[in-house]
$ cat protein.txt   # compact mmCIF, C-alpha atoms
# COMPACT_ATOMS: atom_id res chain seq x y z
CA MET A 28 0.00 0.00 0.00
CA THR A 29 1.39 3.37 -0.96
CA PHE A 30 1.99 6.17 1.51
CA ARG A 31 -0.74 8.22 -0.24
CA TRP A 32 -3.41 5.52 0.33
CA THR A 33 -2.27 5.00 3.92
CA LEU A 34 -2.63 8.71 4.60
CA ALA A 35 -6.05 8.86 2.94
CA LEU A 36 -7.38 5.97 5.02
CA ALA A 37 -6.01 7.55 8.20
CA LEU A 38 -7.81 10.79 7.43
CA LEU A 39 -11.09 8.98 6.78
CA ALA A 40 -10.92 6.87 9.94
CA PRO A 41 -13.16 8.03 12.83
CA THR A 42 -11.41 9.71 15.71
CA PRO A 43 -10.95 7.12 18.47
CA ALA A 44 -13.06 7.79 21.58
CA LEU A 45 -9.90 7.66 23.67
CA ALA A 46 -8.55 10.68 21.80
CA GLN A 47 -11.38 12.80 23.18
CA THR A 48 -11.33 14.45 26.57
CA PRO A 49 -13.89 13.19 29.12
CA GLU A 50 -15.81 16.43 28.62
CA GLN A 51 -15.91 15.92 24.85
CA ARG A 52 -17.06 12.33 25.26
CA ALA A 53 -19.83 13.42 27.64
CA GLU A 54 -21.04 16.03 25.17
CA ARG A 55 -21.00 13.54 22.30
CA VAL A 56 -22.86 10.82 24.19
CA LEU A 57 -25.46 13.18 25.62
CA ALA A 58 -26.06 14.83 22.25
CA ALA A 59 -27.12 11.40 20.95
CA SER A 60 -28.76 10.16 24.18
CA PRO A 61 -30.06 13.14 26.19
CA VAL A 62 -30.85 12.74 29.87
CA ILE A 63 -34.24 11.60 31.11
CA ASP A 64 -34.38 12.92 34.68
CA GLY A 65 -36.58 11.23 37.25
CA HIS A 66 -37.61 14.20 39.38
CA ASN A 67 -37.98 17.99 39.07
CA ASP A 68 -40.04 20.13 41.47
CA LEU A 69 -40.59 23.15 39.19
CA ALA A 70 -44.36 23.17 39.69
CA TRP A 71 -44.06 23.36 43.48
CA ALA A 72 -41.24 25.93 43.25
CA ILE A 73 -43.55 28.16 41.20
CA ARG A 74 -46.25 27.76 43.84
CA GLU A 75 -43.79 28.60 46.62
CA ALA A 76 -42.85 31.73 44.70
CA GLY A 77 -46.46 32.84 45.15
CA SER A 78 -47.50 32.32 41.55
CA THR A 79 -49.88 30.13 39.61
CA LEU A 80 -48.53 31.31 36.24
CA PRO A 81 -45.90 29.47 34.21
CA PRO A 82 -42.64 31.45 34.00
CA ASP A 83 -41.08 32.18 30.62
CA LEU A 84 -38.72 29.23 30.32
CA THR A 85 -37.32 30.42 26.99
CA LYS A 86 -35.04 32.77 28.97
CA SER A 87 -32.74 32.17 31.91
CA THR A 88 -34.68 31.92 35.15
CA ALA A 89 -31.55 32.03 37.32
CA ALA A 90 -31.73 35.80 37.96
CA LEU A 91 -35.45 36.13 38.70
CA PRO A 92 -36.43 37.58 42.10
CA TYR A 93 -37.31 33.97 42.97
CA PRO A 94 -34.68 32.12 40.89
CA PHE A 95 -35.28 28.68 39.42
CA GLN A 96 -32.86 25.93 38.40
CA THR A 97 -34.79 25.08 35.25
CA ASP A 98 -35.20 26.80 31.88
CA LEU A 99 -34.94 25.79 28.25
CA PRO A 100 -31.54 27.36 27.45
CA ARG A 101 -29.94 25.52 30.37
CA ALA A 102 -31.81 22.33 29.50
CA ARG A 103 -30.33 22.47 25.99
CA ALA A 104 -26.85 23.15 27.37
CA GLY A 105 -27.21 20.24 29.79
CA HIS A 106 -28.68 17.85 27.18
CA LEU A 107 -31.87 17.34 29.19
CA GLY A 108 -34.31 15.65 26.81
CA GLY A 109 -36.89 14.03 29.08
CA GLN A 110 -38.23 15.01 32.48
CA PHE A 111 -40.55 13.56 35.08
CA TRP A 112 -42.27 16.68 36.46
CA SER A 113 -43.22 16.22 40.11
CA VAL A 114 -46.80 17.11 41.05
CA TYR A 115 -45.84 17.07 44.72
CA VAL A 116 -48.03 18.27 47.58
CA PRO A 117 -46.91 18.24 51.25
CA ALA A 118 -47.63 15.17 53.35
CA GLU A 119 -49.45 17.43 55.81
CA LEU A 120 -52.33 17.67 53.31
CA HIS A 121 -54.92 14.92 53.56
CA GLY A 122 -58.06 13.65 51.87
CA ASP A 123 -59.92 15.96 49.51
CA GLU A 124 -57.46 18.82 50.06
CA ALA A 125 -54.52 16.65 48.96
CA VAL A 126 -56.45 15.65 45.83
CA ARG A 127 -57.47 19.26 45.04
CA VAL A 128 -53.92 20.60 45.33
CA THR A 129 -52.55 17.67 43.31
CA LEU A 130 -55.01 18.50 40.52
CA GLU A 131 -53.84 22.12 40.65
CA GLN A 132 -50.25 20.92 40.29
CA ILE A 133 -51.15 18.67 37.35
CA ASP A 134 -52.91 21.63 35.74
CA LEU A 135 -49.86 23.84 36.27
CA VAL A 136 -47.52 21.33 34.62
CA ARG A 137 -49.88 21.03 31.68
CA ARG A 138 -50.05 24.84 31.37
CA ILE A 139 -46.24 25.13 31.54
CA VAL A 140 -45.94 22.70 28.63
CA ALA A 141 -48.78 24.32 26.65
CA ALA A 142 -47.08 27.72 26.97
CA HIS A 143 -43.85 26.43 25.40
CA PRO A 144 -43.88 24.87 21.90
CA GLN A 145 -40.38 23.55 22.66
CA MET A 146 -41.91 21.21 25.27
CA ALA A 147 -44.26 18.23 25.15
CA LEU A 148 -46.02 15.77 27.45
CA ALA A 149 -45.85 12.04 26.77
CA GLY A 150 -48.05 9.20 27.95
CA THR A 151 -45.89 6.32 26.73
CA ALA A 152 -42.26 5.46 26.18
CA ALA A 153 -42.84 5.69 22.42
CA GLU A 154 -44.21 9.23 22.79
CA LEU A 155 -41.29 10.13 25.04
CA ARG A 156 -38.82 8.89 22.44
CA ALA A 157 -40.66 10.70 19.63
CA GLY A 158 -40.75 13.99 21.52
CA MET A 159 -37.04 13.85 22.24
CA ARG A 160 -36.28 12.99 18.60
CA ALA A 161 -38.24 16.12 17.64
CA GLY A 162 -35.93 18.14 19.88
CA LYS A 163 -38.56 18.90 22.50
CA LEU A 164 -38.10 18.71 26.26
CA THR A 165 -40.60 15.91 26.72
CA GLY A 166 -42.11 15.07 30.07
CA MET A 167 -44.23 12.78 32.13
CA MET A 168 -45.56 13.50 35.62
CA GLY A 169 -44.96 11.85 38.99
CA ALA A 170 -46.97 12.24 42.21
CA GLU A 171 -44.63 12.40 45.21
CA GLY A 172 -46.52 10.65 47.97
CA GLY A 173 -49.20 7.99 48.40
CA HIS A 174 -51.16 10.42 50.58
CA GLN A 175 -52.07 12.18 47.33
CA ILE A 176 -54.54 9.45 46.31
CA ALA A 177 -56.54 9.96 49.56
CA GLY A 178 -56.99 6.20 50.05
CA ASN A 179 -58.97 5.90 46.81
CA LEU A 180 -58.01 3.75 43.83
CA ALA A 181 -60.37 5.79 41.63
CA VAL A 182 -58.21 8.86 42.30
CA LEU A 183 -55.11 6.85 41.33
CA ARG A 184 -56.74 5.90 38.03
CA LEU A 185 -57.80 9.48 37.31
CA TYR A 186 -54.27 10.76 37.96
CA HIS A 187 -53.05 8.22 35.41
CA ALA A 188 -55.63 9.43 32.90
CA LEU A 189 -54.31 12.98 33.38
CA GLY A 190 -50.72 11.95 32.63
CA VAL A 191 -49.23 10.92 35.98
CA ARG A 192 -46.92 7.97 35.30
CA TYR A 193 -45.44 7.24 38.72
CA VAL A 194 -46.45 7.53 42.35
CA THR A 195 -43.85 7.75 45.09
CA LEU A 196 -45.42 5.59 47.79
CA THR A 197 -44.59 8.00 50.64
CA HIS A 198 -42.99 11.38 51.21
CA PHE A 199 -41.56 12.57 54.54
CA LYS A 200 -44.38 11.06 56.62
CA SER A 201 -45.72 7.53 56.98
CA HIS A 202 -49.40 7.08 56.25
CA ALA A 203 -51.97 4.35 56.71
CA TRP A 204 -50.70 2.00 54.03
CA ALA A 205 -46.94 2.64 53.57
CA ASP A 206 -44.03 3.81 55.71
CA SER A 207 -41.57 6.66 55.16
CA SER A 208 -37.81 6.50 55.72
CA THR A 209 -38.07 9.69 57.80
CA ASP A 210 -40.99 8.85 60.10
CA ALA A 211 -42.11 6.16 62.52
CA PRO A 212 -43.65 3.10 60.81
CA ARG A 213 -47.41 2.66 60.69
CA SER A 214 -47.91 -0.30 58.36
CA GLY A 215 -44.73 -2.34 58.85
CA GLY A 216 -44.12 -2.24 55.10
CA LEU A 217 -47.40 -2.34 53.19
CA SER A 218 -50.92 -2.76 54.53
CA ASP A 219 -53.58 -4.76 52.67
CA PHE A 220 -54.67 -1.56 50.97
CA GLY A 221 -51.03 -0.79 50.09
CA ARG A 222 -50.77 -4.13 48.36
CA ALA A 223 -53.95 -3.32 46.44
CA VAL A 224 -52.37 -0.02 45.34
CA ILE A 225 -49.34 -1.84 43.93
CA ALA A 226 -51.58 -4.30 42.07
CA GLU A 227 -53.65 -1.47 40.59
CA MET A 228 -50.54 0.47 39.54
CA ASN A 229 -49.30 -2.62 37.72
CA ARG A 230 -52.71 -3.09 36.07
CA ILE A 231 -52.95 0.46 34.68
CA GLY A 232 -49.28 0.96 33.82
CA MET A 233 -48.15 3.29 36.57
CA ILE A 234 -44.55 3.03 37.83
CA VAL A 235 -44.04 2.21 41.51
CA ASP A 236 -41.51 4.64 43.06
CA VAL A 237 -39.81 3.74 46.35
CA SER A 238 -37.82 6.93 46.96
CA HIS A 239 -38.67 8.27 50.46
CA THR A 240 -40.02 4.90 51.63
CA SER A 241 -38.72 2.87 54.54
CA ASP A 242 -36.55 -0.12 53.70
CA ALA A 243 -39.39 -2.47 54.70
CA THR A 244 -41.88 -0.69 52.43
CA ALA A 245 -39.41 -0.63 49.54
CA LEU A 246 -38.66 -4.36 49.85
CA ALA A 247 -42.35 -5.24 50.14
CA ALA A 248 -43.26 -3.16 47.08
CA ILE A 249 -40.42 -4.58 44.99
CA ALA A 250 -41.34 -8.16 45.94
CA LEU A 251 -45.03 -7.61 45.19
CA SER A 252 -44.80 -5.64 41.95
CA ARG A 253 -45.09 -7.57 38.70
CA ALA A 254 -43.27 -4.71 36.92
CA PRO A 255 -39.88 -3.11 37.55
CA VAL A 256 -39.75 -0.45 40.28
CA ILE A 257 -37.80 2.82 40.41
CA ALA A 258 -36.36 5.07 43.07
CA SER A 259 -36.89 8.39 41.29
CA HIS A 260 -34.42 10.47 43.33
CA SER A 261 -32.27 8.57 45.81
CA GLY A 262 -28.68 7.47 46.45
CA ALA A 263 -26.55 4.74 47.99
CA ARG A 264 -26.49 4.50 51.79
CA ALA A 265 -23.12 2.77 51.66
CA VAL A 266 -21.73 6.08 50.38
CA THR A 267 -23.82 8.58 52.37
CA ASN A 268 -25.36 7.21 55.54
CA VAL A 269 -28.73 8.96 55.52
CA PRO A 270 -32.22 7.38 55.74
CA ARG A 271 -33.22 8.66 52.28
CA ALA A 272 -30.47 6.64 50.62
CA MET A 273 -30.92 3.03 49.55
CA PRO A 274 -29.06 0.25 51.39
CA ASP A 275 -27.37 -2.40 49.29
CA GLU A 276 -30.14 -4.89 50.11
CA VAL A 277 -32.80 -2.68 48.51
CA ILE A 278 -30.60 -1.83 45.52
CA ARG A 279 -29.96 -5.54 44.94
CA ALA A 280 -33.67 -6.42 45.13
CA LEU A 281 -34.70 -3.53 42.90
CA ALA A 282 -32.07 -4.40 40.29
CA ALA A 283 -33.09 -8.07 40.30
CA LYS A 284 -36.58 -6.97 39.23
CA GLY A 285 -35.16 -4.85 36.40
CA GLY A 286 -35.59 -1.55 38.25
CA VAL A 287 -33.51 1.63 38.38
CA VAL A 288 -32.20 3.83 41.20
CA MET A 289 -32.11 7.41 39.87
CA VAL A 290 -29.41 9.37 41.66
CA SER A 291 -30.24 12.66 43.39
CA PHE A 292 -27.82 15.59 43.26
CA TYR A 293 -28.84 16.98 46.68
CA GLU A 294 -25.66 17.71 48.66
CA GLY A 295 -27.11 16.17 51.82
CA HIS A 296 -27.72 12.91 49.94
CA VAL A 297 -24.35 12.64 48.20
CA SER A 298 -21.87 13.84 50.84
CA ASN A 299 -21.44 12.64 54.42
CA ALA A 300 -19.43 15.77 55.20
CA TRP A 301 -22.18 18.06 53.94
CA ALA A 302 -24.87 16.05 55.76
CA ALA A 303 -22.92 16.41 59.02
CA TRP A 304 -22.50 20.16 58.41
CA ASP A 305 -26.22 20.49 57.77
CA LYS A 306 -27.04 18.58 60.95
CA ALA A 307 -24.90 20.99 62.96
CA ARG A 308 -26.50 23.95 61.19
CA THR A 309 -30.01 22.65 61.93
CA ALA A 310 -29.13 22.15 65.60
CA TYR A 311 -27.84 25.71 65.81
CA ALA A 312 -31.00 27.03 64.13
CA ALA A 313 -33.12 25.24 66.73
CA SER A 314 -31.00 26.66 69.54
CA VAL A 315 -31.65 30.24 68.40
CA GLY A 316 -35.28 29.67 67.42
CA VAL A 317 -35.13 30.11 63.64
CA LYS A 318 -36.06 27.85 60.74
CA ALA A 319 -33.25 26.03 58.94
CA ASP A 320 -34.92 25.46 55.57
CA THR A 321 -33.39 28.48 53.77
CA TYR A 322 -29.69 28.63 52.86
CA GLY A 323 -27.31 31.39 51.85
CA PRO A 324 -27.93 35.14 52.08
CA LYS A 325 -31.73 34.75 52.30
CA ALA A 326 -31.47 32.59 55.45
CA PRO A 327 -32.32 34.10 58.86
CA ALA A 328 -29.56 36.46 60.03
CA PRO A 329 -28.21 34.10 62.74
CA LEU A 330 -27.75 31.36 60.12
CA VAL A 331 -26.07 33.72 57.66
CA ALA A 332 -23.54 34.52 60.39
CA TRP A 333 -23.18 30.84 61.33
CA GLU A 334 -22.55 29.84 57.71
CA ALA A 335 -19.91 32.56 57.39
CA ALA A 336 -18.08 31.11 60.39
CA HIS A 337 -18.70 27.48 59.34
CA PRO A 338 -18.42 27.23 55.52
CA ALA A 339 -20.20 24.30 53.96
CA PRO A 340 -18.00 21.48 52.63
CA VAL A 341 -17.59 21.64 48.86
CA VAL A 342 -19.56 18.93 47.03
CA THR A 343 -18.74 18.12 43.39
CA ALA A 344 -19.64 15.77 40.56
CA ARG A 345 -17.15 13.31 42.03
CA ASP A 346 -19.43 12.82 45.05
CA VAL A 347 -22.42 12.15 42.80
CA ALA A 348 -20.36 9.75 40.70
CA ASP A 349 -19.49 7.77 43.83
CA HIS A 350 -23.20 7.03 44.29
CA VAL A 351 -23.66 6.07 40.65
CA GLU A 352 -20.74 3.66 40.89
CA GLN A 353 -21.88 2.09 44.18
CA ILE A 354 -25.34 1.39 42.75
CA ALA A 355 -23.69 -0.04 39.63
CA ARG A 356 -21.42 -2.27 41.75
CA ILE A 357 -24.41 -3.73 43.57
CA GLY A 358 -27.07 -3.81 40.85
CA GLY A 359 -25.12 -3.52 37.61
CA LYS A 360 -24.81 -0.52 35.31
CA GLY A 361 -28.31 -1.13 33.98
CA ALA A 362 -29.77 -0.38 37.41
CA VAL A 363 -28.85 3.28 37.68
CA GLY A 364 -30.25 6.53 36.27
CA ILE A 365 -30.49 10.24 37.01
CA GLY A 366 -33.06 11.90 39.31
CA ALA A 367 -31.35 15.18 40.17
CA ASP A 368 -34.27 16.70 42.17
CA TYR A 369 -33.72 20.17 40.69
CA GLU A 370 -35.98 22.85 42.19
CA GLY A 371 -36.20 20.65 45.28
CA ILE A 372 -32.49 21.28 45.91
CA ALA A 373 -32.28 25.02 45.17
CA GLY A 374 -29.07 26.30 46.74
CA ASN A 375 -27.94 22.79 47.64
CA ALA A 376 -26.58 21.40 44.38
CA PRO A 377 -22.95 20.36 43.82
CA ALA A 378 -20.43 22.91 42.56
CA GLY A 379 -20.85 23.46 38.83
CA MET A 380 -24.19 21.62 38.82
CA GLY A 381 -26.51 24.33 40.09
CA GLY A 382 -29.12 23.97 37.35
CA VAL A 383 -30.26 21.71 34.55
CA ASP A 384 -27.13 22.52 32.59
CA GLY A 385 -25.16 20.53 35.18
CA TYR A 386 -25.53 16.95 33.88
CA PRO A 387 -22.43 16.90 31.63
CA ALA A 388 -20.14 17.38 34.63
CA LEU A 389 -21.28 14.03 36.05
CA PHE A 390 -20.99 12.24 32.71
CA ALA A 391 -17.49 13.63 32.16
CA GLU A 392 -16.47 12.35 35.60
CA LEU A 393 -17.82 8.88 34.81
CA ALA A 394 -16.10 8.92 31.41
CA ARG A 395 -12.91 9.74 33.28
CA ARG A 396 -13.53 6.65 35.43
CA GLY A 397 -13.80 4.37 32.42
CA TRP A 398 -17.53 4.15 31.67
CA SER A 399 -18.16 3.20 28.04
CA ASP A 400 -20.34 5.22 25.68
CA ALA A 401 -23.06 2.54 25.88
CA GLU A 402 -22.99 2.57 29.69
CA LEU A 403 -23.23 6.37 29.78
CA ALA A 404 -26.16 6.29 27.34
CA GLY A 405 -27.92 3.73 29.54
CA LEU A 406 -27.43 5.94 32.57
CA ALA A 407 -28.74 8.97 30.68
CA GLN A 408 -31.92 7.42 29.33
CA GLY A 409 -31.74 3.80 28.22
CA ASN A 410 -32.20 2.23 31.64
CA VAL A 411 -35.30 4.20 32.60
CA LEU A 412 -36.82 3.80 29.12
CA ARG A 413 -36.48 0.03 29.61
CA VAL A 414 -38.43 0.32 32.88
CA ILE A 415 -41.21 2.41 31.32
CA GLU A 416 -41.59 -0.09 28.49
CA ALA A 417 -41.66 -3.03 30.92
CA VAL A 418 -44.35 -1.33 33.03
CA GLU A 419 -46.39 -0.76 29.87
CA ALA A 420 -45.99 -4.43 28.90
CA VAL A 421 -47.33 -5.58 32.30
CA ALA A 422 -50.33 -3.28 31.87
CA LYS A 423 -50.96 -4.63 28.37
CA ALA A 424 -50.83 -8.18 29.71
CA SER A 425 -53.37 -7.16 32.37
CA ALA A 426 -56.01 -6.10 29.82
CA GLY A 427 -59.37 -7.51 30.87
CA THR A 428 -58.52 -7.49 34.58
CA PRO A 429 -61.24 -5.46 36.32
CA PRO A 430 -60.33 -2.28 38.21
CA GLY A 431 -59.43 -2.66 41.87
CA THR A 432 -62.16 -1.91 44.39
CA ALA A 433 -60.23 -2.12 47.68
CA LEU A 434 -61.09 0.50 50.30
CA LEU A 435 -58.74 2.09 52.82
CA VAL A 436 -59.85 1.28 56.34
CA GLU A 437 -57.99 3.22 59.05
$ encode --input "protein.txt" --output "structure tokens"
Amino acid sequence: MTFRWTLALALLAPTPALAQTPEQRAERVLAASPVIDGHNDLAWAIREAGSTLPPDLTKSTAALPYPFQTDLPRARAGHLGGQFWSVYVPAELHGDEAVRVTLEQIDLVRRIVAAHPQMALAGTAAELRAGMRAGKLTGMMGAEGGHQIAGNLAVLRLYHALGVRYVTLTHFKSHAWADSSTDAPRSGGLSDFGRAVIAEMNRIGMIVDVSHTSDATALAAIALSRAPVIASHSGARAVTNVPRAMPDEVIRALAAKGGVVMVSFYEGHVSNAWAAWDKARTAYAASVGVKADTYGPKAPAPLVAWEAAHPAPVVTARDVADHVEQIARIGGKGAVGIGADYEGIAGNAPAGMGGVDGYPALFAELARRGWSDAELAGLAQGNVLRVIEAVEAVAKASAGTPPGTALLVE
């Protein structure tokens, strides 16, 4: 072969992946396989800002009087293609009030999407794929707490009809049929009605979400469900020892059923050092009689002074990657996804990952650690798409099964 032909073939050959920097690899992979994120609290953040109107997401929302972590320019920069929009309401709401506020949240998400032609809502995995191929930020909805169905399977079915595709079985409080990781148990896992909820979710094609649940509730739900289960925004307890993180036993069980743990970016979930700092900060807030739920310059004056004297530990993409890798070690690389919890973690996101443009930092770190392109694409979207399709297949196989009629008896 002549030198001329050798040179020509060399010029035509694709650039080896190893010749790219980790940042370049992350950009390339995410351009082809954009992130599907398991949890974003934009609708509740808008409500907390005192509004019922969708903000203009075509412009940066970072500098608004009440800043958000989400907008379309940052979503494009971060390669966010799919999003589960949380229709959260606080666990303190019960019965008809919980249902009413949930419906308001569903309406708000639908109005946000309707106001932006660059966005879409999907009801199926196929619609989610099609919306992303069209270049739209395509979403589904998730209800963050079993209290939101008010003990009524009819309400569960109606939420599904309105576009809700997962229910997190609990939030911060236990209720009559499932237990929270951050409250005393009431059901010891799942009550009879809780088991009926899981069966009905399988029948209609709604994903069971075990983020926020106690270990006993998570294990019971995973064992009972005929479809794969997710944890929409969690982490690995072996890395950060907090109740909201998943122990290896739960990760292993969830992975064995084909499920996915979607990793949260909240600093208190991904860093033991930050969690310890926050515990000390909360104790100080209690000692001086102020609330500890606001951080930074807008916090009560005593906490602003305390933070100045006790700077928070720096949390980075490396800390998040440690959780991704622990889940992958226990459950395999097909058992992990992304559930950043943006808007729920305002002011408490890792350095360089403060908004929805932050995903590439994590993918670059994992590329640096040797993750293949296929593994990164699975983390970004392939793993959770597999779960959605499996849940749909169980529902299809359940055609002809009559609706559940169980009643909650407290």
$ atom_distance --input "protein.txt" --atom1 "atom CA of A:Glu227" --atom2 "atom CA of A:Leu130"
20.0 Å
$ residues_around --input "protein.txt" --residues "stretch 269-272 of chain A" --least-positions-apart "3" --cutoff "9 Å" --atoms "only C-alpha atoms" --output "list of chain:residue names"
A:Ser208, A:Thr209, A:Ser238, A:His239, A:Thr240, A:Ser241, A:Asp242, A:Ser261, A:Gly262, A:Ala263, A:Arg264, A:Ala265, A:Val266, A:Gly295, A:His296, A:Val297, A:Asn299, A:Ala302
$ closest_residue --input "protein.txt" --among "A:Ala433, A:Ala328, A:Ala90, A:Val414" --to "A:Val288" --atoms "only C-alpha atoms"
A:Val414
$ residues_around --input "protein.txt" --residues "A:Arg184" --least-positions-apart "2" --cutoff "12 Å" --atoms "all atoms listed in the file" --output "short mmCIF file (atom, residue, chain, number, x, y, z; two decimals) with C-alpha atoms, in the frame of the given file"
data_model
loop_
_atom_site.label_atom_id
_atom_site.label_comp_id
_atom_site.auth_asym_id
_atom_site.auth_seq_id
_atom_site.Cartn_x
_atom_site.Cartn_y
_atom_site.Cartn_z
CA ILE A 176 -54.54 9.45 46.31
CA ASN A 179 -58.97 5.90 46.81
CA LEU A 180 -58.01 3.75 43.83
CA ALA A 181 -60.37 5.79 41.63
CA VAL A 182 -58.21 8.86 42.30
CA TYR A 186 -54.27 10.76 37.96
CA HIS A 187 -53.05 8.22 35.41
CA ALA A 188 -55.63 9.43 32.90
CA LEU A 189 -54.31 12.98 33.38
CA GLY A 190 -50.72 11.95 32.63
CA VAL A 191 -49.23 10.92 35.98
CA ARG A 192 -46.92 7.97 35.30
CA TYR A 193 -45.44 7.24 38.72
CA VAL A 194 -46.45 7.53 42.35
CA VAL A 224 -52.37 -0.02 45.34
CA GLU A 227 -53.65 -1.47 40.59
CA MET A 228 -50.54 0.47 39.54
CA ASN A 229 -49.30 -2.62 37.72
CA ARG A 230 -52.71 -3.09 36.07
CA ILE A 231 -52.95 0.46 34.68
CA GLY A 232 -49.28 0.96 33.82
CA MET A 233 -48.15 3.29 36.57
CA PRO A 430 -60.33 -2.28 38.21
CA GLY A 431 -59.43 -2.66 41.87
CA THR A 432 -62.16 -1.91 44.39
#
$ residues_near_point --input "protein.txt" --point "(-45.3, 6.6, 51.8)" --cutoff "7 Å" --atoms "only C-alpha atoms" --output "PDB file with C-alpha atoms, keeping the file's coordinate frame"
ATOM      1  CA  GLY A 172     -46.520  10.650  47.970  1.00  0.00           C
ATOM      2  CA  GLY A 173     -49.200   7.990  48.400  1.00  0.00           C
ATOM      3  CA  THR A 195     -43.850   7.750  45.090  1.00  0.00           C
ATOM      4  CA  LEU A 196     -45.420   5.590  47.790  1.00  0.00           C
ATOM      5  CA  THR A 197     -44.590   8.000  50.640  1.00  0.00           C
ATOM      6  CA  HIS A 198     -42.990  11.380  51.210  1.00  0.00           C
ATOM      7  CA  LYS A 200     -44.380  11.060  56.620  1.00  0.00           C
ATOM      8  CA  SER A 201     -45.720   7.530  56.980  1.00  0.00           C
ATOM      9  CA  HIS A 202     -49.400   7.080  56.250  1.00  0.00           C
ATOM     10  CA  ALA A 205     -46.940   2.640  53.570  1.00  0.00           C
ATOM     11  CA  ASP A 206     -44.030   3.810  55.710  1.00  0.00           C
ATOM     12  CA  SER A 207     -41.570   6.660  55.160  1.00  0.00           C
ATOM     13  CA  HIS A 239     -38.670   8.270  50.460  1.00  0.00           C
ATOM     14  CA  THR A 240     -40.020   4.900  51.630  1.00  0.00           C
TER      15      THR A 240
END
$ atom_distance --input "protein.txt" --atom1 "atom CA of A:Ala243" --atom2 "atom CA of A:Gly216"
4.8 Å
$ residues_near_point --input "protein.txt" --point "(-33.3, 3.8, 28.5)" --cutoff "10 Å" --atoms "only C-alpha atoms" --output "mmCIF file with C-alpha atoms, in the frame of the given file"
data_model
loop_
_atom_site.group_PDB
_atom_site.id
_atom_site.type_symbol
_atom_site.label_atom_id
_atom_site.label_comp_id
_atom_site.auth_asym_id
_atom_site.auth_seq_id
_atom_site.Cartn_x
_atom_site.Cartn_y
_atom_site.Cartn_z
ATOM 1 C CA SER A 60 -28.760 10.160 24.180
ATOM 2 C CA VAL A 62 -30.850 12.740 29.870
ATOM 3 C CA ILE A 63 -34.240 11.600 31.110
ATOM 4 C CA ALA A 152 -42.260 5.460 26.180
ATOM 5 C CA ARG A 156 -38.820 8.890 22.440
ATOM 6 C CA GLY A 361 -28.310 -1.130 33.980
ATOM 7 C CA GLY A 364 -30.250 6.530 36.270
ATOM 8 C CA ALA A 404 -26.160 6.290 27.340
ATOM 9 C CA GLY A 405 -27.920 3.730 29.540
ATOM 10 C CA LEU A 406 -27.430 5.940 32.570
ATOM 11 C CA ALA A 407 -28.740 8.970 30.680
ATOM 12 C CA GLN A 408 -31.920 7.420 29.330
ATOM 13 C CA GLY A 409 -31.740 3.800 28.220
ATOM 14 C CA ASN A 410 -32.200 2.230 31.640
ATOM 15 C CA VAL A 411 -35.300 4.200 32.600
ATOM 16 C CA LEU A 412 -36.820 3.800 29.120
ATOM 17 C CA ARG A 413 -36.480 0.030 29.610
ATOM 18 C CA VAL A 414 -38.430 0.320 32.880
ATOM 19 C CA ILE A 415 -41.210 2.410 31.320
ATOM 20 C CA GLU A 416 -41.590 -0.090 28.490
#
$ closest_atom_pairs --input "protein.txt" --of "stretch 258-324 of chain A" --to "stretch 340-348 of chain A" --cutoff "7 Å" --atoms "all atoms listed in the file" --output "tab-separated table"
residue	atom	partner	partner_atom	distance
A:Phe292	CA	A:Val347	CA	6.4
A:Glu294	CA	A:Val342	CA	6.4
A:Val297	CA	A:Val347	CA	5.8
A:Ser298	CA	A:Asp346	CA	6.4
A:Ala300	CA	A:Pro340	CA	6.4
A:Trp301	CA	A:Pro340	CA	5.6
$ residues_around --input "protein.txt" --residues "stretch 135-137 of chain A" --least-positions-apart "2" --cutoff "12 Å" --atoms "all atoms listed in the file" --output "MDAnalysis selection string"
chainID A and resid 67:74 78:82 110:115 128:133 139:143 146:149 165:170 189:191
$ residues_around --input "protein.txt" --residues "A:Pro117" --least-positions-apart "6" --cutoff "9 Å" --atoms "all atoms listed in the file" --output "VMD selection string"
chain A and resid 125 171 to 172 174 to 175 198 to 199
$ decode --input "protein.txt" --residues "stretch 53-59 of chain A" --atoms "N, CA and C atoms" --output "PDB file, in the first residue's frame"
ATOM      1  N   ALA A  53     -18.529  13.192  27.005  1.00  0.00           N
ATOM      2  CA  ALA A  53     -19.826  13.423  27.641  1.00  0.00           C
ATOM      3  C   ALA A  53     -20.747  14.199  26.716  1.00  0.00           C
ATOM      4  N   GLU A  54     -20.224  15.237  26.093  1.00  0.00           N
ATOM      5  CA  GLU A  54     -21.036  16.030  25.167  1.00  0.00           C
ATOM      6  C   GLU A  54     -21.507  15.179  23.990  1.00  0.00           C
ATOM      7  N   ARG A  55     -20.625  14.366  23.447  1.00  0.00           N
ATOM      8  CA  ARG A  55     -21.000  13.544  22.300  1.00  0.00           C
ATOM      9  C   ARG A  55     -22.065  12.530  22.658  1.00  0.00           C
ATOM     10  N   VAL A  56     -21.886  11.842  23.780  1.00  0.00           N
ATOM     11  CA  VAL A  56     -22.860  10.822  24.192  1.00  0.00           C
ATOM     12  C   VAL A  56     -24.208  11.456  24.498  1.00  0.00           C
ATOM     13  N   LEU A  57     -24.202  12.560  25.228  1.00  0.00           N
ATOM     14  CA  LEU A  57     -25.463  13.180  25.617  1.00  0.00           C
ATOM     15  C   LEU A  57     -26.166  13.845  24.442  1.00  0.00           C
ATOM     16  N   ALA A  58     -25.419  14.285  23.443  1.00  0.00           N
ATOM     17  CA  ALA A  58     -26.060  14.829  22.249  1.00  0.00           C
ATOM     18  C   ALA A  58     -26.893  13.758  21.553  1.00  0.00           C
ATOM     19  N   ALA A  59     -26.405  12.512  21.579  1.00  0.00           N
ATOM     20  CA  ALA A  59     -27.123  11.402  20.946  1.00  0.00           C
ATOM     21  C   ALA A  59     -28.151  10.770  21.871  1.00  0.00           C
TER      22      ALA A  59
END
